[in-house]
Structure formats: C-alpha cells, structure tokens
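Here's the structure, in structure tokens; my notes come after.
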Amino acid sequence: MSIEATHRAVEAVWRIESARLIAALARRVGDIGMAEDLAQDALLAALERWPDIGIPDNPGAWLMAAAKHRAIDHFRRAQRIDEKHARIGGELMDAEREAPDFDTPLDDEIGDDLLRLIFTACHPVLSTEARVALTLRLLGGLTTEEIARAFLVPTSTVAQRIVRAKRTLADARVPFEVPRGHALEERLASVLEVVYLVFNEGYSATAGEDWVRPALCEDAQRLGRVLAELAPAEPEVHGLVALMEIQASRLRARVGPDGEPVLLPDQDRSRWDRILIRRGLAALARAEALGGALGPYALQAAIAACHARAAAADDTDWARIAALYGALSRLTPSPVVELNRAVAVGRASGAAAGLAIADELVGVPALASYHLLPAVRADFLTELGRLDEARAELERAITLTRNEGERRLLRARVSRLARA
C-alpha cells in the first residue's frame, strides 16, 4: 500500500476510533488534555509505522497500545511524580502485562468511557462555544481546521477555545464520570444542547454563503445515535435523535439547483429521505414508549413528524402543530417558540390570528436582532393585503440576517411585492 493510501486509511481509522481511544485514556489518566495528547502521539506513530508494517488487523487496539506505551514513558520521565501519577503508571504497566493488546477489544468499558467523555466535554463550567469545539474535537474526530471552517471562524480562535476548555476542566477538577441523581438531568440537558447546536448550524447556517452544511448535521446525528445507544432509558435522547433524523431528511430539498434556499412549503417532498424519516419516527416512538410527558426535544420531533407524514404542504395538520407548540411553550417558554407557535396558529386559524401573536413579540429584547420575526410578520401582512408594511418588514429582515442565501431569498420576496 502506498504512503498516501496508508495515510488515508489512518485518517479513516482515526475518525472511527479517536473518541473511544481518548475516552479510555481519559479514564486511566484522569485528564482529558493529557488523554488527547497521548492519542495524538499514537496517531503520529501510526503515520510513521503503518506504511512499513501495513494496517494492523485491529487498528484500534494498536493505537491504544501505542498510547499506553507513551503514557508509561511520560510517567517514567517525570522528575517529580506524585502518588497519583505513580499509581496510574503502575496500572498502565500492569494492564500491559495482563493482556495482549492486539487480540482484545479496545476497552471492555468503552460504553461507560464514552459517556464519561461526552459529559465531561459538555460540562456546564465551559462556555457554549468551548463545549461545541471540544465535543467536535474529542468525539467527532474533527481537526481544529475543520471545526473552524465549519463555523466560519479563524483556526486560532478554535484552537484557543479548545486549549482554554481543557485548562478550565483541569483547574475546576471536573471528575471524569457520568453524573448521578439530580445532577444527571442538568448535565444531560447540556449535552443535548451541544449536539443540537452543532446540528442546527449545519441545518440552517447562521452566516456565510451556504444555506446548509450537511457535514455538520451528519456529525451531530452520529453523536446523537451514539448517545442513544449509551443512554437507552433517556427519552429526551431519543427525542433529539428523532428530531435530527426527521429534519435531516429534508436537506436535499432545502437547496435549489443553484444553491438557493427552498422553504418548507415549496420543497419537493419526493426528495425527502424516507429512510431518515423512518428512523426518526422510530426514535420518536421509543421516546414515547418510555412513558411520561414528552420533553422539549421529543415535542419538537412530534412537530417535525407532522410535516414528515404530510404527503403535500396542504395536508399538514397545522392544528396539531399549533397544539404541540403550545405544549412546548408551556414547558420551555421562549420568544422563539412563541414565534413558531404564531406561524402554526396563522396556518391553522388564519393570518390575523398568527399576526396577533407575532405582534406581541415586537420589542422583545431577545428577538431584537432575530431576522425571522420581521420575516414572519411580512408573511402575515402579505396575506392580509398590507403590502407596504410587509415590504418594510422584509427590508428589516434583510439587514438582520448574516446568511447570504437568506438575504437573496428575502430580496426576491421584496421584488415580488414591488411588482405586486
């Protein structure tokens, strides 16, 4: 195999194995930063050795063995070893003697280790941006450059976020563990928030030229599926998976032939991915089967399911969607949820009813720079024949959005109103 082909194989193996490798190492050394450094050392060793020896039969175990050797070297070289380091080094050397690395699974406790890694990377002590960057780096296997490119920020910014995040976790002595009891609910909410933030940035990019970035959606879906396997008794995990699968099913239809945005009512539903819809509906059924009231992600998945089940836009059950948004608004009140409820009510009960709800949101600080509020009001005003007011709202929406695709879409609507 050529060096280039070997490097491609190493990269593929790294994407698959890196999260499990870092998770297993973090449990052993008790430090995420050190665990990632050891994993990166093992990656470099693979890049150096595999062109000569070929791809091992168990590449994950090879990487783990290489990382363990480097951990042992690290603790042996340390000039001032405290009791904890000595114990960890001894455990690593004992593990080396006990089992042949190439004939055993990567780690018998890999599921627990991955859960610990997810909860640590998404710890609330970190800023939202830091949680997103660290999660994509450690669990998504993305490079710093890939994360920066996905979020349209400088590579140095992402690198600083990751370094600071590791330092913050170490300084705060965040334990590498799955939280228990009441702490689990809060920490799980933080994990789900990070995964959905990644998905949303791919599904509806907040800035730049692209309307969608499917690769980010795929990363988030993969993280969600892993989390659902690791925490099968948590209904909100299945709710989030359902929501992402159903929304992702529309990705091909959300973009026109020239890259222009296509809104939901105008989409060619034959282009929706039926496999993803079936996966999403199955995940929603699992969330419902676990009992209890639906959480915010499961409620949003139920809303998405209403769209997925409608053969055409006119068949959409807007009354049920309005009711679901009402339940979501009571559970997690927010101006954005209320704006979405306004849209559903407007479709179910007429533009005047929807506009009345949207008008109450004008002046709400949280929506002051949210372009969809004037865009939604423009829709209702257009239906009511108040075209001058609608055009003014669209002009305002254009000034607020940072996505060039949305600007083009809004400008086209202004042009149509001008012709009208």
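Please note that chains go A, B, ... in the order of the structure tokens, that every chain numbers its residues from 1, and that ligands are numbered from 1 in the order shown.
Once A:Ile321 and its same-chain neighbours fewer than 3 positions away are set aside, Ile303, Asp317, Trp318, Leu324, Tyr325 and Ala344 of chain A remain within 7 Å of it when counting only C-alpha atoms.
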Could the residues in this selection be written to a file with C-alpha atoms, as a JSON list (two decimals), in the first residue's frame?
```json
[["chain", "number", "residue", "atom", "x", "y", "z"],
["A", 303, "ILE", "CA", -43.92, 18.64, 15.28],
["A", 317, "ASP", "CA", -52.04, 19.13, 10.34],
["A", 318, "TRP", "CA", -51.43, 22.71, 11.47],
["A", 324, "LEU", "CA", -47.74, 20.93, 20.20],
["A", 325, "TYR", "CA", -46.12, 24.38, 20.12],
["A", 344, "ALA", "CA", -48.69, 27.42, 13.27]]
```
Considering only C-alpha atoms, give me a table of residues in stretch 191-251 of chain A that are at most 8 Å from stretch 123-136 of chain A, with the closest atom pair and distance in Å for each, as JSON lines.
```
{"residue": "A:Val191", "atom": "CA", "partner": "A:His123", "partner_atom": "CA", "distance": 7.8}
{"residue": "A:Val194", "atom": "CA", "partner": "A:Val132", "partner_atom": "CA", "distance": 5.7}
{"residue": "A:Val195", "atom": "CA", "partner": "A:Val132", "partner_atom": "CA", "distance": 7.8}
{"residue": "A:Leu197", "atom": "CA", "partner": "A:Val132", "partner_atom": "CA", "distance": 7.8}
{"residue": "A:Val198", "atom": "CA", "partner": "A:Val132", "partner_atom": "CA", "distance": 7.0}
{"residue": "A:Asp219", "atom": "CA", "partner": "A:Leu136", "partner_atom": "CA", "distance": 8.0}
```
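You can rank A:Ala289, A:Leu115, A:Leu142, A:Val163 by their closest distance to A:Val178 using only C-alpha atoms, and at the top of that list sits A:Leu115.
Interatomic distance, atom CA of A:Pro235 to atom CA of A:Leu290: 6.1 Å.
We find atom CA of A:Phe176 and atom CA of A:Asp31 to be spaced 7.8 Å apart.
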Taking 5 positions as the minimum chain separation for residues in the same chain, which residues sit within 9 Å of A:Arg15 when counting only C-alpha atoms? Answer as a CSV table (one decimal) with N, CA and C atoms, in the first residue's frame.
```csv
chain,number,residue,atom,x,y,z
A,10,VAL,N,-5.2,5.7,7.8
A,10,VAL,CA,-5.0,6.1,9.1
A,10,VAL,C,-6.0,7.2,9.5
A,139,LEU,N,-15.0,14.0,20.3
A,139,LEU,CA,-16.0,12.9,19.9
A,139,LEU,C,-16.3,12.9,18.5
A,140,GLY,N,-16.1,14.0,17.8
A,140,GLY,CA,-16.4,14.0,16.3
A,140,GLY,C,-15.1,13.7,15.5
A,141,GLY,N,-14.0,13.7,16.2
A,141,GLY,CA,-12.7,13.4,15.4
A,141,GLY,C,-12.3,14.5,14.4
A,142,LEU,N,-12.9,15.7,14.5
A,142,LEU,CA,-12.6,16.8,13.6
A,142,LEU,C,-11.3,17.5,14.0
```
My list of candidates is A:Pro56, A:Gly292, A:Gly354, A:Pro154. Which is closest to A:Asp379 when distances are computed with only C-alpha atoms? A:Gly354
